[in-house]
Amino acid sequence: TNPGKAGLVVTVVEAISFIPLADASVVVQAPENPAVELKTDANGKCTFDGLLVGTNSVKVEAAGHVGQSVEVTIKTGVFSRRRFELVKI
């Protein structure tokens, strides 16, 4: 069941320097649904719209950096914000 839709704004920066990471891969997936992938812009940001409400997994990868994977709870009518600080390999 899908009680509503919402969104997620992701920012990806390099750890320590906090320089935005452009062209990082951000994949969001709700249980039993197809994954949605976006790339970050020059400011290290991307916005997912129309996500399923509930727990979504978010996986972030960027060339030359250690990736991260977390679970994010999406709430109805809210654009959640999540910042990822990736460490250089």
# chains A, B, ... in the order shown; residues from 1 in each chain; ligands from 1

call {"tool": "residues_around", "arguments": {"residues": "segment 68-78 of chain A", "least_positions_apart": "5", "cutoff": "6 Å", "atoms": "only C-alpha atoms", "output": "PyMOL selection string"}}
result
chain A and resi 4-6+53-60

call {"tool": "residues_around", "arguments": {"residues": "Arg83 of chain A", "least_positions_apart": "3", "cutoff": "10 Å", "atoms": "only C-alpha atoms", "output": "mmCIF file with C-alpha atoms, in the first residue's frame"}}
result
data_model
loop_
_atom_site.group_PDB
_atom_site.id
_atom_site.type_symbol
_atom_site.label_atom_id
_atom_site.label_comp_id
_atom_site.auth_asym_id
_atom_site.auth_seq_id
_atom_site.Cartn_x
_atom_site.Cartn_y
_atom_site.Cartn_z
ATOM 1 C CA VAL A 9 17.086 16.054 -1.557
ATOM 2 C CA VAL A 10 20.582 14.544 -1.453
ATOM 3 C CA THR A 11 23.843 16.471 -1.148
ATOM 4 C CA VAL A 12 27.155 14.678 -1.690
ATOM 5 C CA VAL A 13 30.433 16.281 -0.601
ATOM 6 C CA GLY A 44 26.723 17.878 -5.445
ATOM 7 C CA LYS A 45 22.903 17.838 -5.270
ATOM 8 C CA LEU A 86 32.440 10.576 1.187
#

call {"tool": "closest_residue", "arguments": {"among": "A:Ala22, A:Gly64, A:Ser17, A:Leu52", "to": "Val36 of chain A", "atoms": "only C-alpha atoms"}}
result
A:Leu52

call {"tool": "residues_around", "arguments": {"residues": "Asp23 of chain A", "least_positions_apart": "4", "cutoff": "10 Å", "atoms": "only C-alpha atoms", "output": "PyMOL selection string"}}
result
chain A and resi 12+38-46+61-63

call {"tool": "closest_residue", "arguments": {"among": "A:Val87, A:Leu51, A:Val66, A:Ser80", "to": "Val27 of chain A", "atoms": "only C-alpha atoms"}}
result
A:Leu51
